[in-house]
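Here is the file coords.pdb (PDB, C-alpha atoms and all ligand atoms).
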MODEL        1
ATOM      1  CA  MET A   1      -9.256 144.987  95.234
ATOM      2  CA  GLN A   2      -8.925 143.064  91.977
ATOM      3  CA  PRO A   3      -5.538 142.686  90.217
ATOM      4  CA  LEU A   4      -4.300 145.950  88.717
ATOM      5  CA  LEU A   5      -4.356 145.873  84.911
ATOM      6  CA  ILE A   6      -2.281 147.837  82.403
ATOM      7  CA  ALA A   7      -4.046 148.502  79.089
ATOM      8  CA  PRO A   8      -1.838 150.118  76.421
ATOM      9  CA  SER A   9      -3.802 152.324  74.026
ATOM     10  CA  ILE A  10      -2.822 151.495  70.462
ATOM     11  CA  LEU A  11      -3.691 155.073  69.468
ATOM     12  CA  SER A  12       0.017 155.825  69.866
ATOM     13  CA  ALA A  13       1.242 152.627  68.158
ATOM     14  CA  ASP A  14       2.722 152.497  64.652
ATOM     15  CA  PHE A  15      -0.386 151.711  62.574
ATOM     16  CA  ALA A  16       1.706 150.497  59.641
ATOM     17  CA  ARG A  17       2.799 147.541  61.759
ATOM     18  CA  LEU A  18      -0.133 147.264  64.155
ATOM     19  CA  GLY A  19      -0.166 143.470  64.527
ATOM     20  CA  GLN A  20       3.479 143.354  65.563
ATOM     21  CA  GLU A  21       3.061 146.365  67.845
ATOM     22  CA  VAL A  22       0.194 144.686  69.709
ATOM     23  CA  GLU A  23       2.119 141.430  69.934
ATOM     24  CA  GLU A  24       5.191 143.248  71.262
ATOM     25  CA  VAL A  25       3.335 145.231  73.886
ATOM     26  CA  LEU A  26       1.595 142.065  75.137
ATOM     27  CA  GLN A  27       4.922 140.244  75.300
ATOM     28  CA  ALA A  28       6.248 143.265  77.189
ATOM     29  CA  GLY A  29       3.710 142.567  79.944
ATOM     30  CA  ALA A  30       0.505 144.385  79.000
ATOM     31  CA  ASP A  31      -2.668 142.784  80.388
ATOM     32  CA  LEU A  32      -5.033 143.788  77.580
ATOM     33  CA  ILE A  33      -5.328 146.171  74.636
ATOM     34  CA  HIS A  34      -7.216 149.480  74.705
ATOM     35  CA  PHE A  35      -8.792 150.283  71.327
ATOM     36  CA  ASP A  36      -9.779 153.936  70.802
ATOM     37  CA  VAL A  37     -12.548 154.379  68.240
ATOM     38  CA  MET A  38     -12.998 158.005  67.106
ATOM     39  CA  ASP A  39     -15.529 159.178  64.524
ATOM     40  CA  ASN A  40     -14.737 162.845  63.754
ATOM     41  CA  HIS A  41     -18.234 163.656  65.043
ATOM     42  CA  TYR A  42     -18.434 162.952  68.751
ATOM     43  CA  VAL A  43     -14.695 163.738  68.955
ATOM     44  CA  PRO A  44     -12.607 165.792  66.507
ATOM     45  CA  ASN A  45     -10.424 162.928  65.327
ATOM     46  CA  LEU A  46     -10.769 159.770  63.253
ATOM     47  CA  THR A  47      -9.175 156.407  63.967
ATOM     48  CA  PHE A  48     -10.289 152.860  63.197
ATOM     49  CA  GLY A  49     -13.312 150.571  63.265
ATOM     50  CA  PRO A  50     -14.343 146.924  63.587
ATOM     51  CA  MET A  51     -12.310 145.781  60.562
ATOM     52  CA  ILE A  52      -9.072 146.636  62.331
ATOM     53  CA  CYS A  53     -10.284 144.797  65.429
ATOM     54  CA  SER A  54     -11.013 141.629  63.444
ATOM     55  CA  ALA A  55      -7.688 142.021  61.610
ATOM     56  CA  LEU A  56      -5.936 141.851  64.998
ATOM     57  CA  ARG A  57      -7.880 138.689  65.880
ATOM     58  CA  ASN A  58      -7.006 137.154  62.525
ATOM     59  CA  TYR A  59      -3.382 138.034  63.158
ATOM     60  CA  GLY A  60      -3.592 135.850  66.270
ATOM     61  CA  ILE A  61      -4.064 138.330  69.122
ATOM     62  CA  LYS A  62      -5.787 136.490  71.985
ATOM     63  CA  ALA A  63      -5.792 139.160  74.705
ATOM     64  CA  ASP A  64      -8.870 141.107  75.780
ATOM     65  CA  ILE A  65      -9.659 143.985  73.438
ATOM     66  CA  ASP A  66     -11.156 146.896  75.350
ATOM     67  CA  VAL A  67     -13.069 148.995  72.818
ATOM     68  CA  HIS A  68     -13.558 152.629  73.853
ATOM     69  CA  LEU A  69     -16.262 154.062  71.596
ATOM     70  CA  MET A  70     -15.933 157.820  71.103
ATOM     71  CA  VAL A  71     -18.727 157.841  68.544
ATOM     72  CA  ARG A  72     -22.251 159.124  68.010
ATOM     73  CA  PRO A  73     -24.550 157.258  67.506
ATOM     74  CA  VAL A  74     -23.368 154.299  69.568
ATOM     75  CA  ASP A  75     -25.693 151.313  69.104
ATOM     76  CA  SER A  76     -25.044 150.333  65.489
ATOM     77  CA  LEU A  77     -21.354 149.695  66.238
ATOM     78  CA  ILE A  78     -21.867 147.450  69.270
ATOM     79  CA  GLY A  79     -22.777 144.249  67.424
ATOM     80  CA  MET A  80     -20.128 144.900  64.787
ATOM     81  CA  PHE A  81     -17.382 145.188  67.397
ATOM     82  CA  ALA A  82     -18.572 142.129  69.315
ATOM     83  CA  GLU A  83     -18.510 140.218  66.037
ATOM     84  CA  ALA A  84     -15.024 141.570  65.319
ATOM     85  CA  GLY A  85     -13.657 140.144  68.575
ATOM     86  CA  ALA A  86     -14.072 142.906  71.173
ATOM     87  CA  THR A  87     -14.416 141.600  74.725
ATOM     88  CA  MET A  88     -15.132 144.894  76.486
ATOM     89  CA  ILE A  89     -17.074 147.835  75.059
ATOM     90  CA  SER A  90     -17.556 151.243  76.644
ATOM     91  CA  PHE A  91     -19.304 154.374  75.422
ATOM     92  CA  HIS A  92     -20.000 157.950  76.502
ATOM     93  CA  PRO A  93     -23.551 158.213  77.917
ATOM     94  CA  GLU A  94     -24.171 161.660  76.421
ATOM     95  CA  ALA A  95     -23.526 160.139  72.970
ATOM     96  CA  SER A  96     -26.339 157.579  73.347
ATOM     97  CA  ASP A  97     -30.057 158.400  73.255
ATOM     98  CA  HIS A  98     -30.863 155.382  75.451
ATOM     99  CA  VAL A  99     -28.010 154.558  77.768
ATOM    100  CA  ASP A 100     -29.658 151.554  79.390
ATOM    101  CA  ARG A 101     -30.426 150.054  75.982
ATOM    102  CA  SER A 102     -26.834 150.518  74.798
ATOM    103  CA  VAL A 103     -25.547 148.760  77.931
ATOM    104  CA  GLN A 104     -28.015 145.911  77.376
ATOM    105  CA  LEU A 105     -26.889 145.577  73.756
ATOM    106  CA  ILE A 106     -23.256 145.267  74.870
ATOM    107  CA  ARG A 107     -24.060 142.563  77.393
ATOM    108  CA  GLN A 108     -26.361 140.681  75.039
ATOM    109  CA  ALA A 109     -23.483 140.654  72.554
ATOM    110  CA  GLY A 110     -21.411 138.836  75.200
ATOM    111  CA  CYS A 111     -19.073 141.712  76.090
ATOM    112  CA  LYS A 112     -18.345 143.503  79.336
ATOM    113  CA  ALA A 113     -20.032 146.900  79.458
ATOM    114  CA  GLY A 114     -18.559 150.193  80.610
ATOM    115  CA  LEU A 115     -19.694 153.818  80.809
ATOM    116  CA  VAL A 116     -17.150 156.543  80.071
ATOM    117  CA  LEU A 117     -17.261 159.850  81.906
ATOM    118  CA  ASN A 118     -15.440 162.878  80.510
ATOM    119  CA  PRO A 119     -13.670 165.284  82.874
ATOM    120  CA  ALA A 120     -16.790 167.513  83.010
ATOM    121  CA  THR A 121     -19.401 164.733  82.936
ATOM    122  CA  PRO A 122     -21.183 164.488  86.303
ATOM    123  CA  LEU A 123     -21.286 161.267  88.274
ATOM    124  CA  HIS A 124     -25.079 161.258  88.273
ATOM    125  CA  TYR A 125     -24.879 159.283  85.015
ATOM    126  CA  LEU A 126     -24.021 156.356  87.283
ATOM    127  CA  ASP A 127     -27.126 156.766  89.476
ATOM    128  CA  HIS A 128     -29.367 154.178  87.844
ATOM    129  CA  MET A 129     -26.698 152.327  85.915
ATOM    130  CA  LEU A 130     -23.889 151.326  88.254
ATOM    131  CA  ASP A 131     -25.393 147.916  89.061
ATOM    132  CA  LYS A 132     -25.586 147.099  85.360
ATOM    133  CA  LEU A 133     -21.978 147.919  84.556
ATOM    134  CA  ASP A 134     -18.820 145.833  84.551
ATOM    135  CA  TYR A 135     -16.615 148.910  84.627
ATOM    136  CA  VAL A 136     -16.550 152.680  84.754
ATOM    137  CA  LEU A 137     -14.008 154.472  82.574
ATOM    138  CA  LEU A 138     -13.008 157.877  83.874
ATOM    139  CA  MET A 139     -11.414 160.186  81.343
ATOM    140  CA  SER A 140      -8.498 162.153  82.765
ATOM    141  CA  VAL A 141      -8.159 164.175  79.534
ATOM    142  CA  ASN A 142     -10.763 165.405  77.064
ATOM    143  CA  PRO A 143     -11.276 162.617  74.554
ATOM    144  CA  GLY A 144      -9.919 162.833  71.033
ATOM    145  CA  PHE A 145      -6.140 162.766  71.231
ATOM    146  CA  GLY A 146      -3.284 160.882  72.802
ATOM    147  CA  GLY A 147      -0.379 162.616  74.499
ATOM    148  CA  GLN A 148      -2.358 165.109  76.612
ATOM    149  CA  SER A 149      -1.628 165.928  80.266
ATOM    150  CA  PHE A 150      -3.507 164.271  83.115
ATOM    151  CA  ILE A 151      -6.159 166.619  84.562
ATOM    152  CA  PRO A 152      -5.464 166.647  88.337
ATOM    153  CA  SER A 153      -9.113 167.129  89.436
ATOM    154  CA  THR A 154      -9.752 163.604  88.121
ATOM    155  CA  LEU A 155      -8.158 162.213  91.287
ATOM    156  CA  ASP A 156     -10.948 163.551  93.440
ATOM    157  CA  LYS A 157     -13.569 162.247  91.031
ATOM    158  CA  LEU A 158     -11.845 158.884  91.098
ATOM    159  CA  ARG A 159     -12.116 158.730  94.894
ATOM    160  CA  GLN A 160     -15.835 159.445  94.622
ATOM    161  CA  VAL A 161     -16.342 156.692  92.043
ATOM    162  CA  ARG A 162     -14.351 154.253  94.205
ATOM    163  CA  GLN A 163     -16.632 155.101  97.121
ATOM    164  CA  ARG A 164     -19.731 154.440  95.034
ATOM    165  CA  VAL A 165     -18.354 151.151  93.751
ATOM    166  CA  ARG A 166     -17.507 150.136  97.318
ATOM    167  CA  GLU A 167     -21.071 150.947  98.414
ATOM    168  CA  SER A 168     -22.485 148.914  95.524
ATOM    169  CA  GLY A 169     -20.716 145.814  96.851
ATOM    170  CA  ARG A 170     -20.040 144.708  93.271
ATOM    171  CA  ALA A 171     -16.702 144.003  91.606
ATOM    172  CA  ILE A 172     -16.990 146.904  89.164
ATOM    173  CA  ARG A 173     -13.658 147.903  87.728
ATOM    174  CA  ILE A 174     -12.550 151.511  87.523
ATOM    175  CA  GLU A 175     -10.482 152.342  84.467
ATOM    176  CA  ILE A 176      -8.588 155.599  84.023
ATOM    177  CA  ASP A 177      -7.707 156.956  80.598
ATOM    178  CA  GLY A 178      -5.488 159.868  79.592
ATOM    179  CA  GLY A 179      -2.062 161.135  80.601
ATOM    180  CA  VAL A 180      -1.173 158.059  82.675
ATOM    181  CA  LYS A 181       2.598 157.748  83.133
ATOM    182  CA  VAL A 182       5.144 156.098  85.405
ATOM    183  CA  ASP A 183       5.332 159.180  87.621
ATOM    184  CA  ASN A 184       1.582 159.510  88.322
ATOM    185  CA  ILE A 185       0.289 155.919  88.170
ATOM    186  CA  ARG A 186       0.782 155.325  91.882
ATOM    187  CA  ALA A 187      -1.272 158.372  92.932
ATOM    188  CA  ILE A 188      -3.971 157.295  90.470
ATOM    189  CA  ALA A 189      -4.063 153.794  91.957
ATOM    190  CA  GLU A 190      -4.247 155.218  95.467
ATOM    191  CA  ALA A 191      -7.248 157.297  94.410
ATOM    192  CA  GLY A 192      -9.057 154.115  93.355
ATOM    193  CA  ALA A 193      -8.318 153.059  89.763
ATOM    194  CA  ASP A 194      -7.602 149.392  89.023
ATOM    195  CA  MET A 195      -7.183 149.545  85.214
ATOM    196  CA  PHE A 196      -4.738 151.940  83.640
ATOM    197  CA  VAL A 197      -4.863 152.977  80.001
ATOM    198  CA  SER A 198      -1.590 154.373  78.746
ATOM    199  CA  GLY A 199      -0.771 155.237  75.149
ATOM    200  CA  SER A 200       2.034 157.712  74.518
ATOM    201  CA  ALA A 201       3.934 156.905  77.728
ATOM    202  CA  ILE A 202       4.400 153.333  76.492
ATOM    203  CA  PHE A 203       4.508 153.551  72.698
ATOM    204  CA  ASN A 204       6.739 156.636  72.555
ATOM    205  CA  GLN A 205       9.517 154.723  74.320
ATOM    206  CA  PRO A 206      11.715 152.192  72.526
ATOM    207  CA  ASP A 207      11.429 149.542  75.267
ATOM    208  CA  TYR A 208       7.765 148.876  76.111
ATOM    209  CA  GLY A 209       8.714 146.280  78.710
ATOM    210  CA  GLN A 210      10.816 148.748  80.641
ATOM    211  CA  VAL A 211       7.928 151.233  80.921
ATOM    212  CA  ILE A 212       5.388 148.566  81.904
ATOM    213  CA  GLN A 213       7.775 147.143  84.478
ATOM    214  CA  ALA A 214       8.407 150.626  85.906
ATOM    215  CA  MET A 215       4.624 151.136  86.148
ATOM    216  CA  ARG A 216       4.215 147.806  87.963
ATOM    217  CA  GLN A 217       6.986 148.725  90.378
ATOM    218  CA  GLU A 218       5.181 151.966  91.194
ATOM    219  CA  LEU A 219       1.939 150.040  91.683
ATOM    220  CA  ALA A 220       3.582 147.485  93.966
ATOM    221  CA  GLN A 221       4.811 150.110  96.445
TER
HETATM  222  C1  LIG B 301      -8.108 159.757  74.332
HETATM  223  C2  LIG B 301      -8.044 158.250  74.391
HETATM  224  C3  LIG B 301      -6.951 157.693  75.252
HETATM  225  C4  LIG B 301      -5.593 158.133  74.860
HETATM  226  C5  LIG B 301      -4.600 157.774  75.901
HETATM  227  O1  LIG B 301      -9.283 160.145  73.706
HETATM  228  O2  LIG B 301      -9.261 157.735  74.887
HETATM  229  O3  LIG B 301      -7.056 156.283  75.315
HETATM  230  O4  LIG B 301      -5.192 157.566  73.658
HETATM  231  O5  LIG B 301      -3.357 158.213  75.429
HETATM  232  P1  LIG B 301      -2.296 158.887  76.392
HETATM  233  O6  LIG B 301      -1.861 157.836  77.368
HETATM  234  O7  LIG B 301      -1.206 159.285  75.453
HETATM  235  O8  LIG B 301      -2.943 160.043  77.090
HETATM  236 ZN    ZN B 302      -9.431 155.553  75.386
ENDMDL
END
Could you write out this file's structure as structure tokens?
Amino acid sequence: MQPLLIAPSILSADFARLGQEVEEVLQAGADLIHFDVMDNHYVPNLTFGPMICSALRNYGIKADIDVHLMVRPVDSLIGMFAEAGATMISFHPEASDHVDRSVQLIRQAGCKAGLVLNPATPLHYLDHMLDKLDYVLLMSVNPGFGGQSFIPSTLDKLRQVRQRVRESGRAIRIEIDGGVKVDNIRAIAEAGADMFVSGSAIFNQPDYGQVIQAMRQELAQ
């Protein structure tokens, strides 16, 4: 198993002081930053694009930026995000007309590539793609909003993805996104995740370091 990574989602950060928020959460022990891109088309909400990503780089943020594209179409944004400083880019396969091409575009742009599966998206999307991916992102809520509750059936799906990754023999990471908190992170890790996105559970508390430390304690048990 690779090191377990905590990826705060800036969806729940204070956008008016985003640079400082990202700096603070990294100083508080976050491993990387999760960047939720919503287009009011694929999902019913609207967030931010490549300009905000490059603004964070210009501000001096050096950590990995894990761009989660909840957009349709996908391909035109890939190069723009790579240019803006993204290091990981994932997308929802049902939002792309040519999934293999989108993955190739991400890798050609020099980023790690991930496929995102919604709670109701079947695992067969991985059938011909798993060997070409750096990570699989499993949604444990329906995409579009922070602060939703973890959908328990995701744990079983997670175990199945872990099994498939094990069989592949490749170091493909499994990221979980939605409703991750101190009190469920351990069960999620036991089911097979090794990257944990968490937005509201971290940013809605005054002391980010305390939450991240509590999560790491749970993970260490
Ligand atoms: C939902 C986003 C998530 C979300 C996580 O569409 O992809 O990254 O912001 O937020 P919490 O941890 O609050 O569920
Ligand atoms: Zn996300």
Could you give me the axis-aligned bounding box of ligand LIG 301 (chain B), with 3 Å of padding per side, as centre plus edge lengths in Å to one decimal, as lines of an AutoDock Vina configuration file?
center_x = -5.2
center_y = 158.2
center_z = 75.5
size_x = 14.1
size_y = 9.9
size_z = 9.7
Q.
Just checking: using only C-alpha atoms and all ligand atoms, which residue out of A:Ile106, A:Ala16, A:Met195, A:Met51 ends up closest to ligand ZN 302 (chain B)?
A. A:Met195
Give the residue list for ligand ZN 302 (chain B) at 12 Å, counting only C-alpha atoms and all ligand atoms, as a short mmCIF file (atom, residue, chain, number, x, y, z; two decimals) with C-alpha atoms, in the frame of the given file, sorted by chain and then by residue number.
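Everything below was put into selection_18.cif:
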data_model
loop_
_atom_site.label_atom_id
_atom_site.label_comp_id
_atom_site.auth_asym_id
_atom_site.auth_seq_id
_atom_site.Cartn_x
_atom_site.Cartn_y
_atom_site.Cartn_z
CA ALA A 7 -4.05 148.50 79.09
CA PRO A 8 -1.84 150.12 76.42
CA SER A 9 -3.80 152.32 74.03
CA ILE A 10 -2.82 151.50 70.46
CA LEU A 11 -3.69 155.07 69.47
CA SER A 12 0.02 155.82 69.87
CA ILE A 33 -5.33 146.17 74.64
CA HIS A 34 -7.22 149.48 74.70
CA PHE A 35 -8.79 150.28 71.33
CA ASP A 36 -9.78 153.94 70.80
CA VAL A 37 -12.55 154.38 68.24
CA MET A 38 -13.00 158.00 67.11
CA VAL A 43 -14.70 163.74 68.96
CA THR A 47 -9.18 156.41 63.97
CA ILE A 65 -9.66 143.99 73.44
CA ASP A 66 -11.16 146.90 75.35
CA VAL A 67 -13.07 149.00 72.82
CA HIS A 68 -13.56 152.63 73.85
CA LEU A 69 -16.26 154.06 71.60
CA MET A 70 -15.93 157.82 71.10
CA VAL A 71 -18.73 157.84 68.54
CA ILE A 89 -17.07 147.84 75.06
CA SER A 90 -17.56 151.24 76.64
CA PHE A 91 -19.30 154.37 75.42
CA HIS A 92 -20.00 157.95 76.50
CA GLY A 114 -18.56 150.19 80.61
CA LEU A 115 -19.69 153.82 80.81
CA VAL A 116 -17.15 156.54 80.07
CA LEU A 117 -17.26 159.85 81.91
CA ASN A 118 -15.44 162.88 80.51
CA LEU A 137 -14.01 154.47 82.57
CA LEU A 138 -13.01 157.88 83.87
CA MET A 139 -11.41 160.19 81.34
CA SER A 140 -8.50 162.15 82.76
CA VAL A 141 -8.16 164.18 79.53
CA ASN A 142 -10.76 165.40 77.06
CA PRO A 143 -11.28 162.62 74.55
CA GLY A 144 -9.92 162.83 71.03
CA PHE A 145 -6.14 162.77 71.23
CA GLY A 146 -3.28 160.88 72.80
CA GLY A 147 -0.38 162.62 74.50
CA GLN A 148 -2.36 165.11 76.61
CA GLU A 175 -10.48 152.34 84.47
CA ILE A 176 -8.59 155.60 84.02
CA ASP A 177 -7.71 156.96 80.60
CA GLY A 178 -5.49 159.87 79.59
CA GLY A 179 -2.06 161.14 80.60
CA VAL A 180 -1.17 158.06 82.68
CA MET A 195 -7.18 149.54 85.21
CA PHE A 196 -4.74 151.94 83.64
CA VAL A 197 -4.86 152.98 80.00
CA SER A 198 -1.59 154.37 78.75
CA GLY A 199 -0.77 155.24 75.15
CA SER A 200 2.03 157.71 74.52
#
Q | Spatial neighbours of Val182 in chain A, 6 Å, all atoms listed in the file, chain gap at least 2 places, as a PyMOL selection string | A | chain A and resi 184-185+215
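Picture a line from CA of Asn45 in chain A to CA of Lys181 in chain A; it runs 22.7 Å.
From CA of Glu190 in chain A back to CA of Val22 in chain A, the distance works out to 28.2 Å.
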Q) Which of these, A:Tyr59, A:Ala82, A:Ile6, A:Asp31, has the shortest distance to Leu18 in chain A once you count all atoms listed in the file? A)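 Nearest to Leu18 in chain A: A:Tyr59.
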Residue members of the PyMOL selection byres (((chain A and resi 209) around 10) and not hetatm) in the file shown, as a CSV table (one decimal) with C-alpha atoms, in the frame of the given file:
chain,number,residue,atom,x,y,z
A,24,GLU,CA,5.2,143.2,71.3
A,25,VAL,CA,3.3,145.2,73.9
A,26,LEU,CA,1.6,142.1,75.1
A,27,GLN,CA,4.9,140.2,75.3
A,28,ALA,CA,6.2,143.3,77.2
A,29,GLY,CA,3.7,142.6,79.9
A,30,ALA,CA,0.5,144.4,79.0
A,202,ILE,CA,4.4,153.3,76.5
A,205,GLN,CA,9.5,154.7,74.3
A,206,PRO,CA,11.7,152.2,72.5
A,207,ASP,CA,11.4,149.5,75.3
A,208,TYR,CA,7.8,148.9,76.1
A,210,GLN,CA,10.8,148.7,80.6
A,211,VAL,CA,7.9,151.2,80.9
A,212,ILE,CA,5.4,148.6,81.9
A,213,GLN,CA,7.8,147.1,84.5
A,214,ALA,CA,8.4,150.6,85.9
A,215,MET,CA,4.6,151.1,86.1
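Nearest to Gln2 in chain A of all the residues A:Ile172, A:Met88, A:Leu105, A:Ala201 is A:Ile172, based on all atoms listed in the file.
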Q: Do a neighbour search on Ser102 in chain A at 12 Å with all atoms listed in the file, toss out local chain neighbours closer than 6 positions, and write the hits as an NGL selection string.
A: :A and (69 or 72-79 or 89-96 or 108-109 or 111-115 or 129 or 132-133)
Q.
When you count all atoms listed in the file, which of these residues is closest to ligand LIG 301 (chain B): A:Ile151, A:Arg166, A:His124, A:Ala55?
A.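 Checking each candidate against ligand LIG 301 (chain B), we get A:Ile151 as the closest.
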